[in-house]
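A.B. asks: Have a look at this one.
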Amino acid sequence: MPKIAANPDLKAGSAFFMYLFFLLLLPQVTGAQQNIIPDDTFFQGGRSGEVPAETYPLPAINIVVGDNPNDAGETINITWDRSPDDFTGGKVKEYRIFRAEVIDGQPGEYKEVGDIPAGKTVYSYQDGNTRDGVSYYYVVQAVNFLKINNELAWLAETLSEPAGPVKSAAQWFDWRRSNALIGVLLLSSFIIIFIRQARSGKELFIRKIAGLEAVDEAVGRATEMGKKIFYIPGLSDMDNMQTIASITILGRVAELAAQYETWLEVPVCRSMVMVTAKEVVKEAYSKVGRPDAFQEDQVHYLTDDQFGYAAGIDGMVVRERPATIFFMGTFYAESLILAETGNSIGAIQIAGTAMPSQLPFFVAACDYTLIGEELFTASAYLSKEPKLLGSIKGQDMGKAVMLVAIITGIIMETFGIWDFSSLFSVIE
Amino acid sequence: MSTRAKEILVIIMIVVFSLVFYFRKIAGGKEIIFSNLVAWVLIALLVLSLGLILILTIKGSLIGRRVVFIYVGIVLALPLFMPFTQKITISPEVRSLYEAVEKLPPGSKVLVSFDYDPPSAPELQPMGESFIRLCFQRDFKVIIMGLWPQGPQQANIAIDKILEDPEMQARNLRYGEDYVNLGYQAGNEFVIQRMGSSFKSMFPSDYRGIPYDSMPLVRNIRNFSNIDFSFNLSAGFPGSVEWVQIAVDRYGVELGLGNTAVQAPQMYTYLNSGQVVGLLGGMNGGAEFELLCDYKGKATKFMLSQSFSHMVIIAFIIIGNVAYFLGGRKSALKDK
Amino acid sequence: MRREIPLLITGIVGVGFVIQYFIPHAPFSYMSDWFSDWFSIIGACAIVLGALNLMKISIQKVISRKKDWGYAAVIIASFLLIVIIGMVEGKDFRVPGTNFDWLYRYMYIPLSATMFAILAFFVASASYRAFRARNFEATLLLIAAFFVMMGRVPVGDIITGFMPEGWRLSNLASWVMNYPQAAGQRAIMIGIGLGIVSTSLRVILGIERSHIGGGE
C-alpha cells in the first residue's frame, strides 16, 4: 500500500491515529485503496465535519508513466483515464498526483507533487521535479470534498494502483524542431551562397528604397534651414534587431550631419542603446574627419517609460522645432503621438519600423516610411557593400521558398489532398 | 483672439469643469445624467455644427487641427452623461475566448499576465477586472504576474475592485490559495522562456516577498505544463507576441489575449492560425466580454463615447475629402 | 582587438543560442538561462548609466541656466522625489497603502494616461488630414476603414439593424479584420521575420558591424 507523507505541521502521533481511524472505519472500494492525507495546508480550514461514507470516489484507472520526450530531463509524464465517478456532478472534484522514489526495489514514501481539477476528458500531468536516473513510482488520487464558504467541510480520497518504475532522462535532440532546423539551414545556406557570389564580384540588383534615398535630402534640408536633426531610435533595447538596424542608419545620418556641420540630437530610452549610439555617432564624426565636433550630450538618455519618453520628445520637438526627424526602430502606441507632433511643426520625417501595427500611423504622418524588412536592408543599401547585399538576396530566396510553400499549402489544403501545414507545426 | 489666448481659455475651462466635478464628488453628489431631451438637443447641436464646418469647408474656409481636437474632446466627454444604452454585438473572437474559459473545470489554474502600465489601463483594466472576476466566479485558481514593472500593481488595483463586490466577498477568497500575485520579473521574453522550465526560478517569492514554496496554490506548479489556461493583457513589448512565440509555440500553452485596439489587428494572424483561442481587442472587446460575463464595467460604460467619437472622426474624414476635392487636392488643414 | 572581441563574443553567443533551441540536453539547456541572467544583470547596471546621464545633463542645464532649464529642474525634482520615497519605503515600496503607491496611483497613472489619451486626438487629426480618396486603392482603404470604424462600435449595428444577420457592419468589420487585414499583416510579418533572420545571421557572422562603429 502506498505510503503518504504526513504534514510536518501535525504531530506524528495524531497523524498516525487519524490514519488508523480512517483505515479501519471507512468503507473499502473495490479494486482501490483508500487513504487519507493527513491535513493539507491547501485547505487551511481543516476537516470540520464527518466524511459521509458514500462520498468516496472510484479511483483513476490505466495510469501510464513515462519520460517526457525531447526535453532537458527532470520531467516525467503521467497520464490516466478518468474515474468512473468523474462526470458532471460526480464524486471526483480533483486528482492529486503522488510520487515515491524506489528504495531497494520498492516504492518509498509517497509525496504529493501536483494536483489537477476533475472535469476533463483527457488527463495528463507533467512532474517537472524529478532527478534524472532515479526510479519513481506514481499514484493518482481521486479526491472528493465539500467546501462551505470556502472552508473545507470534509475530504474523501481514493488512490489508484501504483504505476512505475520510471526514470526521467535528457535528450540530445528535440525532434519536434527538425522542421525549424531544416528551415534555418536552408535560409542560412541561401544567405551564405549569395554572400559568396557577391564577394566573387557578381553584380546584385537592389531596388530603390525611397525612404533611404531621402536620408541625404533630409539632412541637407536641416543644414539649409540651420536647424537640428532629431534621431529617435525607438523603444527597444540592443537585443532587438530593429534597434541594431536603426543604429546602422544612425551611423550614416551622423556622418552626413558631421559633414554638413548640422547638430544631430539622439534622445534614447534605453541605457544600453545610449552607450552604443554614442559610440556609433562618435565613430561617424571621426570617420569624416570631424572628431572635435562630436559632443557627449548629443546622445542622451530620457527615460525607460514609454509615454514619459514620448512626452519628453514631444516637448523637445515643440520647443526646439527641428527641421528633420528620423523615427527608426521599434515603436508602439507612441508612434502617432511623436509623428503627429513632428508633422505639426512642419519637420521632414522619415520613419522605419518592423512593427506592423504602427506602420499605418507612420505612413499617415511621415514623409517617408521604411516598411518592415526595408528597415533591415538599410545597412546593405546605404553601404552598397557586396557581402551585405548578398545577404539581402539570400533573404529574398527564403521569401521565394515561403511563397512556394504557401501556394502549395493553399492548393493541398483547399482540395483536401494533404494536411500540409502539419509540416510547419512545432508543438504536437 | 490669438491661438495662445484660445489655448489658455480651453485649459481654464477644463480646470474649472474638473474642479466642479471633483468637489461635487467629494460632497457626495449623485452621478449627473442628462434627460433624453437635453441629450438629443446636444446631439442635434453637434450635428448642426459639423454641418456648418462642412459648408465652411465647401466655401473654402478650412478649419485648424485644434477644432478637430475640441470635437474629439467633446464627443468623448458628453456621452458619459447621456442616458442612452446600446446593444452590443458579440464578435466571434470574444465569444471564443469566453467559451474556452467556460470549458475549464472548477479548480483550474489560470495564469494571468498583466503586461501593461497605467497609460493603457483605460482599455485593458476593464478586461483584467472582468476576466479575473469570471475566474473567481468559476472557482478557478488565479496566478498573476507581470512582465511590465507596473503590471502587478494594476492587478492589485483590479483585485481590490473585484473584492469590493459583496458577492465576491462572500466567496471568502484567500490569498495564496485562491489567487496569488507573483509580481514583476525583469528579463522580458526570457522570463517566459525560463518559466517554461521553472516558474520558481523566475519568481522565488511573490510581490510581497512570500516564498514561492509556502503558497499552496503554486508550490506544485513547476512550469507551463501545470497551468490550464493563460490570459495575457498586453500593450506592447514584452507582451502578446512574445507569449505566442514562446509560451504557445514552444510549450503548448492555451492562451487568450486582451490587447489595446492599436495592437489587436496584429493578433488576428495568431487567432486565425489557432495559436490563441480568443482575443479582446480594445475597449470594444472589453465591453463584449463584460456582456458575456453579465457584468457592467467601465468598458460598457465608455462604449457610447467610443461610438460618438468614431462617428465624429468619420464626419471629419468626409469633410477632409470634400476639402481635398474642392480645393484642388490640397491638405484640409490650414495650420500645418 | 577593439572590434574583434565583441564580434567573437557575438558569434559564440549567437551560435550557442541557435544550438540550444535544438539540443535540450545540458549544458545547452542552461545556456539560455545563463544568457538571460547576464542580460538582466547588464541591463540593470545600464539603467544606472542612463539615470546618471539624465541627471548630469539636467544639472548642467540648470547650473548654466541654458534655454528651458526649468524643465530640467522639474526632472531633477521628480527623479529625487520618487527615488527617495522608494528607498525610504524599502523593499515593500509597491505594497498598496505606501507613499510610493500613492504617488503611483495619483500622479504616475493620471500623467501617463493623459499622454496615451492624446493618441485619440492625433488619430482624429491624422485621419482628417491624410485619409483621402486619392485613387482607387486609397478609396478601397477608405471604405474598409469606414466598415471597421463603424463595425467596431455598437452604433454600427444599430444603423444596419435592418440588414439580415451576418450582413451588418459588425460582421463586415470582422470579415475585414479576419481576412484582408490578417493576410496583409502576415505578409509583412513573414518579410520582417526573414529580415530579422538575415540581419541576425549577418551580426553573428560578423558581416554586419555598423552597430559597433563599422570598419573592417
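By convention in this document, the chains of the C-alpha cells carry letters A, B, ... by their order, each chain's residues are numbered from 1, and ligands are numbered from 1 in the order they are shown.
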At a cut-off of 6 Å, using only C-alpha atoms, what residues contact region 316-331 of chain A? Leave out same-chain residues fewer than 3 positions from it and give the result as a list in words.
C.D. replies: Ala222, Lys227, Lys228, Ile229, Phe230, Tyr231, Ile232, Pro233, Gly234, Leu235, Ser236, Gln242, Thr243, Ser246, Ile313, Ser335, Ala347, Ile348, Gln349, Ile350, Ala351, Gly352 and Thr353 of chain A
A.B. asks: Which residues are close to region 100-106 of chain B, i.e. within 8 Å by only C-alpha atoms, leaving aside same-chain residues fewer than 3 positions away? Reply as an MDAnalysis selection string.
C.D. replies: (chainID A and resid 117:120) or (chainID B and resid 96:97 138:140 228:229 277:278)
A.B. asks: Extract, using only C-alpha atoms, all DNA, RNA and protein residues at most 12 Å from region 40-50 of chain B, discarding same-chain residues fewer than 5 positions from it, and format them as a PDB file with N, CA and C atoms, in the first residue's frame.
C.D. replies:
```pdb
ATOM      1  N   PHE B  34     -27.938  63.394 -18.121  1.00  0.00           N
ATOM      2  CA  PHE B  34     -28.857  64.291 -18.819  1.00  0.00           C
ATOM      3  C   PHE B  34     -30.193  63.592 -19.060  1.00  0.00           C
ATOM      4  N   SER B  35     -31.228  64.426 -19.225  1.00  0.00           N
ATOM      5  CA  SER B  35     -32.503  63.835 -19.646  1.00  0.00           C
ATOM      6  C   SER B  35     -32.411  63.536 -21.138  1.00  0.00           C
ATOM      7  N   ILE B  55     -20.098  73.190 -44.613  1.00  0.00           N
ATOM      8  CA  ILE B  55     -20.454  74.313 -45.508  1.00  0.00           C
ATOM      9  C   ILE B  55     -19.273  75.285 -45.628  1.00  0.00           C
ATOM     10  N   LEU B  56     -18.640  75.586 -44.476  1.00  0.00           N
ATOM     11  CA  LEU B  56     -17.481  76.494 -44.493  1.00  0.00           C
ATOM     12  C   LEU B  56     -16.358  75.915 -45.347  1.00  0.00           C
ATOM     13  N   THR B  57     -16.168  74.594 -45.214  1.00  0.00           N
ATOM     14  CA  THR B  57     -15.116  73.936 -45.992  1.00  0.00           C
ATOM     15  C   THR B  57     -15.417  74.035 -47.484  1.00  0.00           C
ATOM     16  N   ILE B  63     -10.624  74.466 -41.546  1.00  0.00           N
ATOM     17  CA  ILE B  63     -10.513  74.505 -40.078  1.00  0.00           C
ATOM     18  C   ILE B  63      -9.120  74.066 -39.632  1.00  0.00           C
ATOM     19  N   VAL B  67      -9.583  72.533 -33.833  1.00  0.00           N
ATOM     20  CA  VAL B  67     -11.041  72.348 -33.897  1.00  0.00           C
ATOM     21  C   VAL B  67     -11.363  70.843 -33.849  1.00  0.00           C
ATOM     22  N   VAL B  68     -10.561  70.079 -34.585  1.00  0.00           N
ATOM     23  CA  VAL B  68     -10.753  68.613 -34.571  1.00  0.00           C
ATOM     24  C   VAL B  68     -10.554  68.096 -33.145  1.00  0.00           C
ATOM     25  N   ILE B  70     -10.952  69.667 -30.319  1.00  0.00           N
ATOM     26  CA  ILE B  70     -12.058  70.063 -29.423  1.00  0.00           C
ATOM     27  C   ILE B  70     -13.270  69.152 -29.653  1.00  0.00           C
ATOM     28  N   TYR B  71     -13.552  68.857 -30.924  1.00  0.00           N
ATOM     29  CA  TYR B  71     -14.695  67.974 -31.204  1.00  0.00           C
ATOM     30  C   TYR B  71     -14.477  66.582 -30.605  1.00  0.00           C
ATOM     31  N   VAL B  72     -13.247  66.077 -30.755  1.00  0.00           N
ATOM     32  CA  VAL B  72     -12.964  64.747 -30.188  1.00  0.00           C
ATOM     33  C   VAL B  72     -13.158  64.799 -28.667  1.00  0.00           C
ATOM     34  N   ILE B  74     -15.054  66.778 -26.934  1.00  0.00           N
ATOM     35  CA  ILE B  74     -16.490  66.906 -26.585  1.00  0.00           C
ATOM     36  C   ILE B  74     -17.207  65.553 -26.745  1.00  0.00           C
ATOM     37  N   VAL B  75     -16.965  64.886 -27.879  1.00  0.00           N
ATOM     38  CA  VAL B  75     -17.706  63.629 -28.099  1.00  0.00           C
ATOM     39  C   VAL B  75     -17.216  62.486 -27.214  1.00  0.00           C
ATOM     40  N   LEU B  78     -19.049  64.114 -23.460  1.00  0.00           N
ATOM     41  CA  LEU B  78     -20.509  64.262 -23.330  1.00  0.00           C
ATOM     42  C   LEU B  78     -21.269  62.936 -23.155  1.00  0.00           C
ATOM     43  N   PRO B  79     -20.938  61.903 -23.947  1.00  0.00           N
ATOM     44  CA  PRO B  79     -21.705  60.655 -23.809  1.00  0.00           C
ATOM     45  C   PRO B  79     -21.667  60.048 -22.405  1.00  0.00           C
ATOM     46  N   PHE B  81     -22.449  61.429 -19.857  1.00  0.00           N
ATOM     47  CA  PHE B  81     -23.602  61.955 -19.111  1.00  0.00           C
ATOM     48  C   PHE B  81     -24.925  61.644 -19.814  1.00  0.00           C
ATOM     49  N   MET B  82     -24.873  60.879 -20.869  1.00  0.00           N
ATOM     50  CA  MET B  82     -26.103  60.621 -21.640  1.00  0.00           C
ATOM     51  C   MET B  82     -26.808  59.361 -21.165  1.00  0.00           C
ATOM     52  N   PRO B  83     -28.133  59.343 -21.300  1.00  0.00           N
ATOM     53  CA  PRO B  83     -28.886  58.228 -20.739  1.00  0.00           C
ATOM     54  C   PRO B  83     -29.013  57.019 -21.674  1.00  0.00           C
ATOM     55  N   PHE B  84     -28.401  57.074 -22.845  1.00  0.00           N
ATOM     56  CA  PHE B  84     -28.620  56.017 -23.836  1.00  0.00           C
ATOM     57  C   PHE B  84     -27.862  54.729 -23.509  1.00  0.00           C
ATOM     58  N   PHE B 308     -19.651  57.596 -30.422  1.00  0.00           N
ATOM     59  CA  PHE B 308     -19.730  59.001 -30.835  1.00  0.00           C
ATOM     60  C   PHE B 308     -18.416  59.452 -31.484  1.00  0.00           C
ATOM     61  N   SER B 309     -17.303  59.077 -30.874  1.00  0.00           N
ATOM     62  CA  SER B 309     -16.021  59.554 -31.405  1.00  0.00           C
ATOM     63  C   SER B 309     -15.756  58.959 -32.792  1.00  0.00           C
ATOM     64  N   MET B 311     -17.968  58.184 -34.967  1.00  0.00           N
ATOM     65  CA  MET B 311     -18.840  58.879 -35.928  1.00  0.00           C
ATOM     66  C   MET B 311     -18.278  60.268 -36.263  1.00  0.00           C
ATOM     67  N   VAL B 312     -17.765  60.931 -35.252  1.00  0.00           N
ATOM     68  CA  VAL B 312     -17.226  62.279 -35.495  1.00  0.00           C
ATOM     69  C   VAL B 312     -15.971  62.213 -36.367  1.00  0.00           C
ATOM     70  N   ILE B 313     -15.131  61.198 -36.111  1.00  0.00           N
ATOM     71  CA  ILE B 313     -13.921  61.066 -36.944  1.00  0.00           C
ATOM     72  C   ILE B 313     -14.323  60.794 -38.398  1.00  0.00           C
ATOM     73  N   ILE B 314     -15.339  59.952 -38.588  1.00  0.00           N
ATOM     74  CA  ILE B 314     -15.813  59.687 -39.952  1.00  0.00           C
ATOM     75  C   ILE B 314     -16.334  60.986 -40.582  1.00  0.00           C
ATOM     76  N   ALA B 315     -17.042  61.780 -39.788  1.00  0.00           N
ATOM     77  CA  ALA B 315     -17.551  63.058 -40.301  1.00  0.00           C
ATOM     78  C   ALA B 315     -16.393  63.952 -40.741  1.00  0.00           C
ATOM     79  N   PHE B 316     -15.328  63.984 -39.953  1.00  0.00           N
ATOM     80  CA  PHE B 316     -14.173  64.815 -40.319  1.00  0.00           C
ATOM     81  C   PHE B 316     -13.448  64.261 -41.550  1.00  0.00           C
ATOM     82  N   ILE B 317     -13.425  62.927 -41.687  1.00  0.00           N
ATOM     83  CA  ILE B 317     -12.798  62.344 -42.882  1.00  0.00           C
ATOM     84  C   ILE B 317     -13.593  62.782 -44.119  1.00  0.00           C
ATOM     85  N   ILE B 318     -14.920  62.785 -43.988  1.00  0.00           N
ATOM     86  CA  ILE B 318     -15.764  63.223 -45.113  1.00  0.00           C
ATOM     87  C   ILE B 318     -15.475  64.700 -45.423  1.00  0.00           C
ATOM     88  N   ILE B 319     -15.435  65.521 -44.367  1.00  0.00           N
ATOM     89  CA  ILE B 319     -15.158  66.952 -44.555  1.00  0.00           C
ATOM     90  C   ILE B 319     -13.780  67.136 -45.203  1.00  0.00           C
ATOM     91  N   GLY B 320     -12.811  66.363 -44.727  1.00  0.00           N
ATOM     92  CA  GLY B 320     -11.456  66.442 -45.272  1.00  0.00           C
ATOM     93  C   GLY B 320     -11.435  66.108 -46.753  1.00  0.00           C
TER      94      GLY B 320
END
```
A.B. asks: Sorted by chain and rising residue number, which residues of chain A lie within 8 Å of chain B, and what are their closest atom pairs and distances in Å to one decimal, counting only C-alpha atoms, as a Markdown table?
C.D. replies:
```
| residue | atom | partner | partner_atom | distance |
| --- | --- | --- | --- | --- |
| A:Thr41 | CA | B:Pro216 | CA | 6.7 |
| A:Phe42 | CA | B:Pro216 | CA | 5.2 |
| A:Glu94 | CA | B:Gly107 | CA | 7.7 |
| A:Val113 | CA | B:Asn220 | CA | 5.8 |
| A:Gly114 | CA | B:Asn220 | CA | 5.0 |
| A:Asp115 | CA | B:Asn220 | CA | 7.5 |
| A:Ile116 | CA | B:Ser108 | CA | 7.1 |
| A:Pro117 | CA | B:Gly107 | CA | 5.2 |
| A:Ala118 | CA | B:Pro105 | CA | 6.5 |
| A:Gly119 | CA | B:Pro105 | CA | 5.3 |
| A:Lys120 | CA | B:Pro105 | CA | 7.0 |
| A:Tyr125 | CA | B:Asn226 | CA | 7.0 |
| A:Gln126 | CA | B:Ser225 | CA | 6.1 |
| A:Asp127 | CA | B:Arg222 | CA | 7.6 |
| A:Gly128 | CA | B:Arg222 | CA | 5.9 |
| A:Asn129 | CA | B:Arg222 | CA | 7.2 |
| A:Asn149 | CA | B:Arg171 | CA | 6.1 |
| A:Asn150 | CA | B:Asn172 | CA | 5.9 |
| A:Phe307 | CA | B:Pro119 | CA | 7.6 |
| A:Tyr332 | CA | B:Gly236 | CA | 6.3 |
| A:Ala333 | CA | B:Val262 | CA | 6.9 |
| A:Asn343 | CA | B:Lys336 | CA | 7.4 |
| A:Ser344 | CA | B:Lys336 | CA | 5.6 |
| A:Ile345 | CA | B:Lys336 | CA | 7.1 |
| A:Gly346 | CA | B:Lys336 | CA | 6.5 |
| A:Pro356 | CA | B:Gln266 | CA | 6.8 |
| A:Ser357 | CA | B:Gln263 | CA | 5.9 |
| A:Gln358 | CA | B:Val262 | CA | 7.8 |
| A:Val426 | CA | B:Asp249 | CA | 6.7 |
| A:Ile427 | CA | B:Gly252 | CA | 6.1 |
| A:Glu428 | CA | B:Gly252 | CA | 8.0 |
```
A.B. asks: If we count only C-alpha atoms and set the cut-off at 9 Å, which residues sit around region 106-113 of chain C, ignoring sequence neighbours fewer than 2 positions away in its own chain? Please answer as a PyMOL selection string.
C.D. replies: (chain A and resi 306-308) or (chain B and resi 117-122) or (chain C and resi 101-104+115-118)
A.B. asks: From region 135-186 of chain C, collect each residue whose DSSP state is helix (DSSP H, G or I) and return the set as a ChimeraX atom specification.
C.D. replies: /C:136-151,154-159,169-186
A.B. asks: Store the residues picked out above, limited to N, CA and C atoms, as a compact mmCIF listing (two decimals), in the first residue's frame.
C.D. replies:
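This went into again21.txt:
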```
# COMPACT_ATOMS: atom_id res chain seq x y z
N PHE C 136 -7.93 54.67 -56.72
CA PHE C 136 -8.80 53.52 -56.47
C PHE C 136 -8.41 52.78 -55.18
N GLU C 137 -7.10 52.55 -55.01
CA GLU C 137 -6.64 51.80 -53.82
C GLU C 137 -6.96 52.58 -52.54
N ALA C 138 -6.71 53.90 -52.59
CA ALA C 138 -6.98 54.72 -51.40
C ALA C 138 -8.47 54.74 -51.09
N THR C 139 -9.29 54.70 -52.14
CA THR C 139 -10.75 54.68 -51.92
C THR C 139 -11.16 53.36 -51.27
N LEU C 140 -10.54 52.26 -51.73
CA LEU C 140 -10.84 50.95 -51.12
C LEU C 140 -10.48 50.98 -49.64
N LEU C 141 -9.32 51.56 -49.33
CA LEU C 141 -8.88 51.66 -47.93
C LEU C 141 -9.88 52.46 -47.11
N LEU C 142 -10.35 53.54 -47.72
CA LEU C 142 -11.30 54.42 -47.04
C LEU C 142 -12.60 53.67 -46.72
N ILE C 143 -13.06 52.87 -47.69
CA ILE C 143 -14.30 52.11 -47.47
C ILE C 143 -14.08 51.08 -46.36
N ALA C 144 -12.91 50.40 -46.41
CA ALA C 144 -12.61 49.39 -45.38
C ALA C 144 -12.54 50.06 -44.01
N ALA C 145 -11.93 51.25 -43.98
CA ALA C 145 -11.83 51.97 -42.70
C ALA C 145 -13.22 52.32 -42.18
N PHE C 146 -14.10 52.71 -43.08
CA PHE C 146 -15.47 53.04 -42.66
C PHE C 146 -16.15 51.81 -42.04
N PHE C 147 -16.03 50.67 -42.73
CA PHE C 147 -16.64 49.44 -42.20
C PHE C 147 -16.09 49.10 -40.82
N VAL C 148 -14.77 49.18 -40.69
CA VAL C 148 -14.15 48.78 -39.41
C VAL C 148 -14.51 49.76 -38.31
N MET C 149 -14.40 51.06 -38.60
CA MET C 149 -14.69 52.06 -37.55
C MET C 149 -16.12 51.98 -37.07
N MET C 150 -17.04 51.81 -38.00
CA MET C 150 -18.44 51.73 -37.59
C MET C 150 -18.79 50.34 -37.04
N GLY C 151 -18.17 49.33 -37.62
CA GLY C 151 -18.49 47.95 -37.19
C GLY C 151 -17.93 47.60 -35.84
N PRO C 154 -20.97 49.69 -31.21
CA PRO C 154 -22.36 49.22 -31.28
C PRO C 154 -23.24 50.01 -32.24
N VAL C 155 -22.92 51.29 -32.41
CA VAL C 155 -23.78 52.12 -33.25
C VAL C 155 -23.83 51.60 -34.69
N GLY C 156 -22.78 50.92 -35.10
CA GLY C 156 -22.74 50.37 -36.46
C GLY C 156 -23.88 49.39 -36.69
N ASP C 157 -24.09 48.52 -35.71
CA ASP C 157 -25.16 47.53 -35.85
C ASP C 157 -26.54 48.15 -35.65
N ILE C 158 -26.57 49.25 -34.90
CA ILE C 158 -27.86 49.93 -34.72
C ILE C 158 -28.27 50.53 -36.08
N ILE C 159 -27.30 51.13 -36.78
CA ILE C 159 -27.60 51.73 -38.08
C ILE C 159 -28.01 50.66 -39.10
N LEU C 169 -22.82 45.76 -40.08
CA LEU C 169 -21.49 46.37 -40.09
C LEU C 169 -20.49 45.62 -39.21
N SER C 170 -20.96 45.07 -38.08
CA SER C 170 -20.04 44.34 -37.22
C SER C 170 -19.51 43.11 -37.93
N ASN C 171 -20.38 42.46 -38.73
CA ASN C 171 -19.94 41.27 -39.47
C ASN C 171 -18.92 41.67 -40.55
N LEU C 172 -19.21 42.78 -41.21
CA LEU C 172 -18.28 43.24 -42.25
C LEU C 172 -16.93 43.62 -41.63
N ALA C 173 -17.00 44.28 -40.48
CA ALA C 173 -15.75 44.67 -39.79
C ALA C 173 -14.96 43.42 -39.42
N SER C 174 -15.66 42.41 -38.89
CA SER C 174 -15.00 41.16 -38.53
C SER C 174 -14.35 40.53 -39.76
N TRP C 175 -15.06 40.56 -40.87
CA TRP C 175 -14.54 39.97 -42.11
C TRP C 175 -13.26 40.70 -42.55
N VAL C 176 -13.33 42.02 -42.52
CA VAL C 176 -12.15 42.82 -42.92
C VAL C 176 -10.96 42.49 -42.01
N MET C 177 -11.22 42.43 -40.70
CA MET C 177 -10.14 42.18 -39.75
C MET C 177 -9.58 40.77 -39.90
N ASN C 178 -10.46 39.80 -40.12
CA ASN C 178 -10.02 38.41 -40.14
C ASN C 178 -9.38 37.97 -41.45
N TYR C 179 -9.75 38.58 -42.54
CA TYR C 179 -9.21 38.10 -43.83
C TYR C 179 -8.26 39.10 -44.51
N PRO C 180 -8.74 40.17 -45.14
CA PRO C 180 -7.78 41.03 -45.84
C PRO C 180 -6.72 41.61 -44.89
N GLN C 181 -7.16 42.07 -43.75
CA GLN C 181 -6.24 42.69 -42.79
C GLN C 181 -5.21 41.68 -42.29
N ALA C 182 -5.72 40.49 -41.88
CA ALA C 182 -4.81 39.47 -41.34
C ALA C 182 -3.84 38.98 -42.42
N ALA C 183 -4.33 38.89 -43.67
CA ALA C 183 -3.45 38.44 -44.76
C ALA C 183 -2.31 39.43 -44.97
N GLY C 184 -2.65 40.72 -44.98
CA GLY C 184 -1.63 41.76 -45.14
C GLY C 184 -0.63 41.73 -43.99
N GLN C 185 -1.16 41.60 -42.78
CA GLN C 185 -0.29 41.54 -41.59
C GLN C 185 0.69 40.38 -41.71
N ARG C 186 0.14 39.21 -42.16
CA ARG C 186 1.00 38.02 -42.27
C ARG C 186 2.12 38.25 -43.26
```
A.B. asks: CA of Val110 (chain B) and CA of Phe302 (chain B) are how many Å apart?
C.D. replies: 27.8 Å
A.B. asks: If we count only C-alpha atoms, which residues of chain C reach to within 8 Å of chain A? Please list them as a ChimeraX atom specification.
C.D. replies: /C:22-26,29,43,46-51,53-54,57,112,115-116,118-119,122-123,126-127,130-131,185,188-192,194-196,198-202,207-208,210-213
A.B. asks: Kindly indicate which residue among C:Lys91, C:Ile85, C:Val18, C:Thr10 lies nearest to chain B, using only C-alpha atoms for the distances.
C.D. replies: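 Comparing C:Lys91, C:Ile85, C:Val18, C:Thr10 against chain B, the winner is C:Lys91.
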